[in-house]
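> Structure file query.txt (compact mmCIF, C-alpha atoms) is given on the next line.
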# COMPACT_ATOMS: atom_id res chain seq x y z
CA MET Q 102 -38.50 34.79 -49.79
CA ILE Q 103 -36.75 35.60 -53.08
CA GLY Q 104 -33.03 34.84 -52.93
CA GLU Q 105 -33.29 32.34 -50.09
CA THR Q 106 -32.45 29.25 -52.12
CA LYS Q 107 -31.22 26.83 -49.46
CA LYS Q 108 -32.46 25.22 -46.28
CA LEU Q 109 -30.35 25.51 -43.15
CA GLY Q 110 -29.86 21.86 -42.28
CA ASP Q 111 -27.37 19.52 -40.69
CA ASP Q 112 -25.41 19.19 -43.93
CA VAL Q 113 -24.78 22.93 -44.06
CA ARG Q 114 -23.99 23.21 -40.38
CA ALA Q 115 -21.49 20.35 -40.61
CA LEU Q 116 -19.31 22.62 -42.74
CA SER Q 117 -19.41 25.53 -40.32
CA SER Q 118 -16.98 26.40 -37.56
CA GLY Q 119 -18.16 26.46 -33.99
CA SER Q 120 -20.77 24.34 -32.21
CA PHE Q 121 -24.55 24.10 -31.88
CA ILE Q 122 -26.77 23.87 -28.85
CA GLN Q 123 -30.51 23.32 -28.54
CA LEU Q 124 -32.35 26.12 -26.73
CA SER Q 125 -36.09 26.56 -26.23
CA LYS Q 126 -36.61 28.35 -29.57
CA GLY Q 127 -34.19 26.35 -31.66
CA LEU Q 128 -30.53 25.63 -32.34
CA THR Q 129 -28.02 28.36 -31.56
CA HIS Q 130 -24.66 28.48 -33.33
CA TYR Q 131 -21.84 29.50 -31.00
CA LYS Q 132 -18.10 29.42 -30.56
CA LEU Q 133 -16.48 29.13 -27.13
CA ASP Q 134 -12.69 29.37 -27.12
CA GLY Q 135 -9.82 30.29 -24.85
CA PRO Q 136 -8.47 29.03 -21.52
CA SER Q 137 -11.09 27.44 -19.28
CA ASP Q 138 -9.96 29.57 -16.34
CA GLY Q 139 -9.92 32.84 -18.29
CA ASN Q 140 -12.28 35.75 -17.69
CA VAL Q 141 -15.31 35.26 -19.95
CA VAL Q 142 -16.05 37.88 -22.62
CA VAL Q 143 -19.36 37.50 -24.49
CA PHE Q 144 -19.91 39.21 -27.87
CA ILE Q 145 -23.30 40.12 -29.39
CA HIS Q 146 -23.39 41.16 -33.04
CA GLY Q 147 -25.78 43.56 -34.80
CA ILE Q 148 -28.94 43.16 -36.87
CA ALA Q 149 -27.32 41.90 -40.06
CA GLY Q 150 -25.08 39.33 -38.35
CA PRO Q 151 -23.35 36.88 -38.09
CA PHE Q 152 -20.83 36.53 -35.24
CA GLY Q 153 -17.96 36.44 -37.74
CA ILE Q 154 -17.79 40.22 -37.55
CA TRP Q 155 -16.02 39.80 -34.18
CA THR Q 156 -13.25 37.45 -35.33
CA LYS Q 157 -10.44 40.00 -35.47
CA VAL Q 158 -11.02 41.27 -31.94
CA ALA Q 159 -12.01 37.92 -30.41
CA ASP Q 160 -8.95 36.02 -31.62
CA SER Q 161 -6.70 38.74 -30.30
CA LEU Q 162 -8.35 38.71 -26.88
CA MET Q 163 -7.95 34.94 -26.64
CA SER Q 164 -4.22 35.33 -27.10
CA HIS Q 165 -4.30 37.51 -23.98
CA GLY Q 166 -5.87 34.79 -21.84
CA PHE Q 167 -9.58 35.59 -22.12
CA ARG Q 168 -12.28 32.98 -22.68
CA ILE Q 169 -14.44 34.14 -25.58
CA LEU Q 170 -18.07 33.32 -26.34
CA GLN Q 171 -19.49 34.40 -29.70
CA TYR Q 172 -22.91 33.35 -30.97
CA ASP Q 173 -25.35 33.96 -33.80
CA LEU Q 174 -28.58 35.64 -32.82
CA TYR Q 175 -31.66 33.72 -33.88
CA GLY Q 176 -32.33 34.36 -37.55
CA ARG Q 177 -28.68 35.08 -38.33
CA GLY Q 178 -25.66 33.05 -39.28
CA TYR Q 179 -26.22 29.35 -38.68
CA SER Q 180 -28.71 29.71 -35.82
CA ASP Q 181 -32.33 28.67 -36.35
CA ARG Q 182 -34.86 31.12 -37.77
CA PRO Q 183 -38.05 30.42 -35.75
CA ASP Q 184 -41.28 32.02 -36.99
CA VAL Q 185 -41.91 34.26 -33.98
CA ASN Q 186 -41.75 37.93 -33.03
CA TYR Q 187 -38.10 38.94 -32.85
CA ASP Q 188 -38.50 41.40 -29.98
CA LEU Q 189 -36.03 42.40 -27.30
CA ASP Q 190 -37.24 39.82 -24.78
CA PHE Q 191 -36.76 37.11 -27.40
CA TYR Q 192 -33.08 38.03 -27.76
CA ILE Q 193 -32.57 38.47 -24.01
CA ASN Q 194 -33.97 34.99 -23.39
CA GLN Q 195 -31.67 33.49 -26.03
CA LEU Q 196 -28.60 34.90 -24.28
CA SER Q 197 -29.86 33.91 -20.84
CA GLU Q 198 -30.53 30.32 -21.92
CA LEU Q 199 -27.22 30.06 -23.76
CA LEU Q 200 -25.20 31.13 -20.73
CA ALA Q 201 -27.15 28.78 -18.47
CA VAL Q 202 -26.86 25.70 -20.71
CA LEU Q 203 -23.14 26.31 -21.28
CA SER Q 204 -22.65 26.77 -17.51
CA ILE Q 205 -20.79 30.03 -18.05
CA ARG Q 206 -19.54 31.20 -14.72
CA ASN Q 207 -20.50 34.66 -13.54
CA PRO Q 208 -19.82 37.47 -13.70
CA ILE Q 209 -19.02 38.05 -17.36
CA TYR Q 210 -17.80 40.90 -19.52
CA LEU Q 211 -20.55 41.64 -22.03
CA VAL Q 212 -19.81 43.33 -25.38
CA GLY Q 213 -22.57 44.44 -27.74
CA TRP Q 214 -22.47 46.28 -31.06
CA SER Q 215 -25.37 48.30 -32.54
CA LEU Q 216 -28.51 46.16 -32.02
CA GLY Q 217 -26.29 43.87 -29.93
CA GLY Q 218 -25.50 46.87 -27.74
CA MET Q 219 -29.18 47.41 -27.04
CA ILE Q 220 -29.60 43.71 -26.25
CA ALA Q 221 -26.58 43.88 -23.93
CA VAL Q 222 -28.00 46.91 -22.10
CA ALA Q 223 -31.42 45.32 -21.67
CA TYR Q 224 -29.90 42.02 -20.52
CA THR Q 225 -27.67 43.81 -18.02
CA ALA Q 226 -30.57 45.86 -16.67
CA LYS Q 227 -32.42 42.60 -15.97
CA TYR Q 228 -29.47 40.47 -14.81
CA SER Q 229 -26.98 42.98 -13.41
CA ASN Q 230 -25.65 40.44 -10.91
CA LYS Q 231 -24.32 38.37 -13.82
CA ILE Q 232 -22.29 41.19 -15.38
CA GLU Q 233 -18.86 42.38 -14.28
CA LYS Q 234 -18.46 45.13 -16.87
CA LEU Q 235 -20.41 46.27 -19.92
CA ILE Q 236 -18.89 47.34 -23.25
CA LEU Q 237 -21.07 49.08 -25.84
CA ILE Q 238 -19.90 49.69 -29.41
CA ALA Q 239 -22.11 52.18 -31.28
CA PRO Q 240 -25.20 50.90 -29.41
CA ALA Q 241 -28.79 51.30 -30.59
CA GLY Q 242 -31.95 52.21 -28.71
CA VAL Q 243 -31.93 55.97 -28.07
CA GLU Q 244 -32.76 59.03 -30.20
CA ILE Q 245 -34.43 56.74 -32.72
CA SER Q 246 -35.43 57.78 -36.22
CA ARG Q 247 -36.94 55.59 -38.93
CA PRO Q 248 -35.80 55.93 -42.54
CA MET Q 249 -38.47 55.70 -45.22
CA ASN Q 250 -37.61 52.10 -46.14
CA ALA Q 251 -38.13 51.08 -42.52
CA LYS Q 252 -41.48 52.87 -42.38
CA ILE Q 253 -42.62 50.97 -45.45
CA ALA Q 254 -41.38 47.70 -43.94
CA MET Q 255 -43.66 48.26 -40.94
CA VAL Q 256 -46.76 48.01 -43.14
CA PRO Q 257 -48.22 44.48 -43.25
CA PHE Q 258 -47.93 42.73 -46.63
CA LEU Q 259 -46.16 45.74 -48.14
CA GLY Q 260 -43.16 45.07 -45.90
CA GLU Q 261 -43.08 41.42 -46.93
CA LEU Q 262 -43.26 42.41 -50.60
CA LEU Q 263 -40.47 44.95 -50.22
CA MET Q 264 -38.28 42.51 -48.31
CA GLY Q 265 -38.92 39.69 -50.77
CA LEU Q 266 -38.09 41.76 -53.84
CA PHE Q 267 -35.32 44.02 -52.58
CA GLY Q 268 -34.40 42.82 -49.10
CA ARG Q 269 -30.99 41.38 -49.89
CA GLN Q 270 -29.86 44.45 -51.80
CA MET Q 271 -31.21 46.83 -49.15
CA ILE Q 272 -29.54 45.00 -46.28
CA VAL Q 273 -26.18 44.80 -48.05
CA ARG Q 274 -26.36 48.47 -49.03
CA PHE Q 275 -27.21 49.49 -45.47
CA ALA Q 276 -24.52 47.22 -44.00
CA LEU Q 277 -21.84 48.65 -46.26
CA LYS Q 278 -22.77 52.17 -45.14
CA GLU Q 279 -21.49 51.12 -41.73
CA LEU Q 280 -17.93 51.05 -43.07
CA HIS Q 281 -15.72 54.10 -43.52
CA ASN Q 282 -12.78 52.14 -44.96
CA ASP Q 283 -13.54 51.07 -48.55
CA ASP Q 284 -10.72 48.52 -48.49
CA LEU Q 285 -12.83 46.32 -46.20
CA VAL Q 286 -16.02 46.35 -48.27
CA ASP Q 287 -15.48 43.01 -50.03
CA GLU Q 288 -14.51 41.24 -46.82
CA PHE Q 289 -17.56 42.54 -44.96
CA ARG Q 290 -19.90 41.80 -47.88
CA THR Q 291 -18.72 38.18 -47.91
CA ILE Q 292 -19.39 37.79 -44.19
CA VAL Q 293 -22.89 39.25 -44.38
CA THR Q 294 -24.16 37.73 -47.63
CA GLY Q 295 -23.09 34.15 -46.93
CA GLN Q 296 -25.96 33.66 -44.47
CA MET Q 297 -28.65 35.31 -46.62
CA GLN Q 298 -29.17 32.33 -48.91
CA TYR Q 299 -30.81 30.25 -46.17
CA GLU Q 300 -34.57 30.28 -45.67
CA GLY Q 301 -35.86 32.50 -42.89
CA TYR Q 302 -33.16 35.19 -42.88
CA LEU Q 303 -35.26 37.92 -44.50
CA ARG Q 304 -38.35 37.06 -42.47
CA SER Q 305 -36.43 37.23 -39.21
CA PHE Q 306 -34.73 40.45 -40.27
CA LEU Q 307 -38.10 42.03 -41.04
CA SER Q 308 -39.52 40.88 -37.72
CA THR Q 309 -36.52 42.39 -35.93
CA LEU Q 310 -37.16 45.70 -37.67
CA ARG Q 311 -40.80 45.64 -36.64
CA CYS Q 312 -40.45 44.33 -33.10
CA CYS Q 313 -37.05 45.40 -31.81
CA VAL Q 314 -34.76 47.78 -33.70
CA PHE Q 315 -36.86 50.90 -33.21
CA GLU Q 316 -37.83 50.22 -29.61
CA ASP Q 317 -36.96 53.02 -27.24
CA ALA Q 318 -34.48 51.47 -24.81
CA THR Q 319 -34.03 54.61 -22.69
CA LYS Q 320 -35.35 52.91 -19.57
CA TYR Q 321 -32.66 50.22 -19.78
CA TYR Q 322 -29.86 52.75 -20.21
CA ARG Q 323 -31.24 54.72 -17.27
CA THR Q 324 -31.22 51.57 -15.12
CA ILE Q 325 -27.56 50.95 -16.01
CA GLY Q 326 -26.78 54.53 -15.01
CA LYS Q 327 -28.32 53.97 -11.59
CA LEU Q 328 -26.53 50.65 -11.04
CA GLY Q 329 -23.08 52.23 -11.24
CA LEU Q 330 -21.80 49.22 -13.17
CA PRO Q 331 -18.55 49.95 -15.08
CA VAL Q 332 -19.43 50.81 -18.69
CA LEU Q 333 -17.23 51.49 -21.69
CA MET Q 334 -18.68 52.97 -24.88
CA ILE Q 335 -16.78 53.05 -28.17
CA SER Q 336 -17.84 54.66 -31.43
CA GLY Q 337 -16.29 55.77 -34.71
CA SER Q 338 -15.64 59.40 -35.55
CA GLU Q 339 -17.27 58.94 -38.98
CA ASP Q 340 -20.31 56.99 -37.79
CA THR Q 341 -23.37 58.14 -39.73
CA ILE Q 342 -25.75 55.76 -37.93
CA LEU Q 343 -25.05 56.54 -34.27
CA LYS Q 344 -25.70 60.28 -34.30
CA ALA Q 345 -24.09 62.75 -31.90
CA ALA Q 346 -27.47 63.28 -30.22
CA ALA Q 347 -27.67 59.58 -29.40
CA ARG Q 348 -24.11 59.47 -28.04
CA ASN Q 349 -24.79 62.49 -25.86
CA ARG Q 350 -28.07 61.07 -24.62
CA ILE Q 351 -26.41 57.80 -23.61
CA GLY Q 352 -23.78 59.85 -21.77
CA GLU Q 353 -26.57 61.61 -19.86
CA LEU Q 354 -28.29 58.35 -18.98
CA ILE Q 355 -25.03 56.66 -17.89
CA PRO Q 356 -23.01 59.61 -16.55
CA HIS Q 357 -20.17 57.47 -15.22
CA LEU Q 358 -19.40 55.67 -18.50
CA GLN Q 359 -15.96 55.76 -20.08
CA TYR Q 360 -16.08 56.94 -23.69
CA ASN Q 361 -13.56 56.45 -26.49
CA GLU Q 362 -13.84 57.55 -30.10
CA ILE Q 363 -11.88 55.72 -32.80
CA ARG Q 364 -10.78 58.22 -35.42
CA GLY Q 365 -11.30 57.40 -39.08
CA THR Q 366 -13.87 54.64 -38.55
CA GLY Q 367 -17.58 54.35 -39.18
CA HIS Q 368 -20.25 52.31 -37.39
CA MET Q 369 -17.92 49.28 -37.06
CA PRO Q 370 -14.73 50.41 -35.30
CA HIS Q 371 -14.11 46.84 -34.13
CA PHE Q 372 -13.98 45.68 -37.75
CA GLU Q 373 -12.02 48.62 -39.14
CA ARG Q 374 -9.53 49.09 -36.29
CA PRO Q 375 -9.57 45.81 -34.33
CA GLU Q 376 -6.21 46.46 -32.67
CA GLU Q 377 -7.34 49.75 -31.16
CA VAL Q 378 -10.62 48.30 -29.97
CA ARG Q 379 -8.80 45.25 -28.59
CA ASN Q 380 -6.48 47.49 -26.57
CA LEU Q 381 -9.39 49.48 -25.18
CA LEU Q 382 -11.16 46.28 -24.15
CA ILE Q 383 -8.07 44.83 -22.49
CA ASN Q 384 -7.41 48.04 -20.56
CA PHE Q 385 -11.03 48.18 -19.48
CA VAL Q 386 -11.59 44.58 -18.40
CA SER Q 387 -8.17 44.04 -16.82
CA PRO Q 388 -7.83 45.50 -13.32
CA PRO Q 389 -6.93 48.06 -12.27
CA THR Q 390 -9.19 50.08 -14.55
CA LYS Q 391 -8.76 53.82 -14.86
CA GLN Q 392 -12.17 55.42 -15.10
CA ALA Q 393 -12.42 58.42 -17.41
CA TYR Q 394 -15.84 59.99 -17.29
CA TYR Q 395 -17.92 60.95 -20.29
Take the structure in the file and write it out as structure tokens.

Amino acid sequence: MIGETKKLGDDVRALSSGSFIQLSKGLTHYKLDGPSDGNVVVFIHGIAGPFGIWTKVADSLMSHGFRILQYDLYGRGYSDRPDVNYDLDFYINQLSELLAVLSIRNPIYLVGWSLGGMIAVAYTAKYSNKIEKLILIAPAGVEISRPMNAKIAMVPFLGELLMGLFGRQMIVRFALKELHNDDLVDEFRTIVTGQMQYEGYLRSFLSTLRCCVFEDATKYYRTIGKLGLPVLMISGSEDTILKAAARNRIGELIPHLQYNEIRGTGHMPHFERPEEVRNLLINFVSPPTKQAYY
């Protein structure tokens, strides 16, 4: 599509940080750091990607003895962009295969933001025996509404035309709306736009919109609520994407979850206030955990 001027090949990947591993649908870019005997924390980013949005929190957790796994979802960052339907099962299978091939010991602490939160919930509902605790940051999948641009993108051919002509600008504009702190705009823009120049990004983004983002994940949240698995949810006080109705609905579906709001942040509290989010994560994953109910 327009704006995708480069192919994602070995020469490009050689300049990246992290490692690559072959899974059934293609190469996955990942980074596994920290002490080999540390508790494993796995991070899943949102729809725009890549995993670099976790760096501030992940590096800090490593210094506290945790083993950290970050990875690029298919279609994002330096992972492959297969020409398939980017539905929820597709992302669940990527995570499942990645953990298996890397021989990650169970159980793990799973952290998901926005779309990554929905993936984390669905994965946990299917593989609850592999999860010690679940952390959701402004998760998607409940009380869903589609903006006009998304409705247009759902239309065959018209969606491709819209994405080809205006996709890069639309994604950047939407991504920047996630921030409340204007001082971080340039840093976040650099992280997001660096991956957009490689072929397949816009196609995979469009497929994710059509096949995944607007799926009603209520059943997965309800399953988590019945499991009684420890759950922490974090959101920003100025989040304009995760509406109050969605937060309240998640609280109803998972009545035992612990909820914390980060004041003065938008949809990305982990990017805007990494120290506060880091402290919440450490307190939650390190026993004993005090459970404060929603």
> Could you work out how far CA of Tyr175 (chain Q) lies from CA of Gln123 (chain Q), giving the answer in Å with one decimal?
11.7 Å
> What does the structure give for the distance between CA of Ser338 (chain Q) and CA of Gln296 (chain Q), in Å to one decimal?
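Going from CA of Ser338 (chain Q) over to CA of Gln296 (chain Q) covers 29.1 Å.
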> In terms of the shortest atom-to-atom distance over only C-alpha atoms, which of Q:Val222, Q:Ala251, Q:Leu235, Q:Ile205 is closest to Cys312 (chain Q)?
Q:Ala251
> Excluding Arg114 (chain Q) and residues on its chain fewer than 3 positions from it, collect all residues at most 12 Å away from it, counting all atoms listed in the file, and give them as a PyMOL selection string.
chain Q and resi 108-111+117-122+128-131+178-181+296+299
> Please save C-alpha atoms of the selected residues as a tab-separated table (two decimals), keeping the file's coordinate frame.

chain	number	residue	atom	x	y	z
Q	108	LYS	CA	-32.46	25.22	-46.28
Q	109	LEU	CA	-30.35	25.51	-43.15
Q	110	GLY	CA	-29.86	21.86	-42.28
Q	111	ASP	CA	-27.37	19.52	-40.69
Q	117	SER	CA	-19.41	25.53	-40.32
Q	118	SER	CA	-16.98	26.40	-37.56
Q	119	GLY	CA	-18.16	26.46	-33.99
Q	120	SER	CA	-20.77	24.34	-32.21
Q	121	PHE	CA	-24.55	24.10	-31.88
Q	122	ILE	CA	-26.77	23.87	-28.85
Q	128	LEU	CA	-30.53	25.63	-32.34
Q	129	THR	CA	-28.02	28.36	-31.56
Q	130	HIS	CA	-24.66	28.48	-33.33
Q	131	TYR	CA	-21.84	29.50	-31.00
Q	178	GLY	CA	-25.66	33.05	-39.28
Q	179	TYR	CA	-26.22	29.35	-38.68
Q	180	SER	CA	-28.71	29.71	-35.82
Q	181	ASP	CA	-32.33	28.67	-36.35
Q	296	GLN	CA	-25.96	33.66	-44.47
Q	299	TYR	CA	-30.81	30.25	-46.17
> Go through Q:Val141, Q:Ile355, Q:Ala221, Q:Val202 one by one, measure the shortest atom-to-atom distance of each to Asp190 (chain Q) using only C-alpha atoms, and give the residue with the smallest value.
Q:Ala221
> List the spatial neighbours of Arg182 (chain Q) as a list of chain:residue names - criterion: any atom at most 8 Å away, all atoms listed in the file, same-chain residues fewer than 6 positions off excluded.
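Surrounding residues, per the criterion: Q:Gly127, Q:Tyr175, Q:Gly176, Q:Glu300, Q:Gly301, Q:Tyr302, Q:Ser305.
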> Around (-29.0, 52.4, -31.5), as given in the file, which residues come within 10 Å? Count all atoms listed in the file and list them as a ChimeraX atom specification.
/Q:147,214-219,238-246,314-318,342-344,347-348,351
> Fewer than 2 positions away in the same chain doesn't count, so skip those; otherwise give me all residues within 9 Å of Gly367 (chain Q), counting all atoms listed in the file, as a PyMOL selection string.
chain Q and resi 278-282+336-342+363-365+369-370+373
> Save out the residues we just selected, C-alpha atoms, as a PDB file, in the frame of the given file.

ATOM      1  CA  LYS Q 278     -22.770  52.170 -45.140  1.00  0.00           C
ATOM      2  CA  GLU Q 279     -21.490  51.120 -41.730  1.00  0.00           C
ATOM      3  CA  LEU Q 280     -17.930  51.050 -43.070  1.00  0.00           C
ATOM      4  CA  HIS Q 281     -15.720  54.100 -43.520  1.00  0.00           C
ATOM      5  CA  ASN Q 282     -12.780  52.140 -44.960  1.00  0.00           C
ATOM      6  CA  SER Q 336     -17.840  54.660 -31.430  1.00  0.00           C
ATOM      7  CA  GLY Q 337     -16.290  55.770 -34.710  1.00  0.00           C
ATOM      8  CA  SER Q 338     -15.640  59.400 -35.550  1.00  0.00           C
ATOM      9  CA  GLU Q 339     -17.270  58.940 -38.980  1.00  0.00           C
ATOM     10  CA  ASP Q 340     -20.310  56.990 -37.790  1.00  0.00           C
ATOM     11  CA  THR Q 341     -23.370  58.140 -39.730  1.00  0.00           C
ATOM     12  CA  ILE Q 342     -25.750  55.760 -37.930  1.00  0.00           C
ATOM     13  CA  ILE Q 363     -11.880  55.720 -32.800  1.00  0.00           C
ATOM     14  CA  ARG Q 364     -10.780  58.220 -35.420  1.00  0.00           C
ATOM     15  CA  GLY Q 365     -11.300  57.400 -39.080  1.00  0.00           C
ATOM     16  CA  MET Q 369     -17.920  49.280 -37.060  1.00  0.00           C
ATOM     17  CA  PRO Q 370     -14.730  50.410 -35.300  1.00  0.00           C
ATOM     18  CA  GLU Q 373     -12.020  48.620 -39.140  1.00  0.00           C
TER      19      GLU Q 373
END
> Enter the distance from CA of Ile335 (chain Q) to CA of Tyr360 (chain Q), in Å, rounded to one decimal.
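Computed distance, CA of Ile335 (chain Q) to CA of Tyr360 (chain Q), equals 6.0 Å.
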> Pick out the closest residue to Ala276 (chain Q) from this set: Q:Leu310, Q:Leu124, Q:Val185, Q:Ala149. Count only C-alpha atoms.
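The answer is Q:Ala149, which sits nearest to Ala276 (chain Q).
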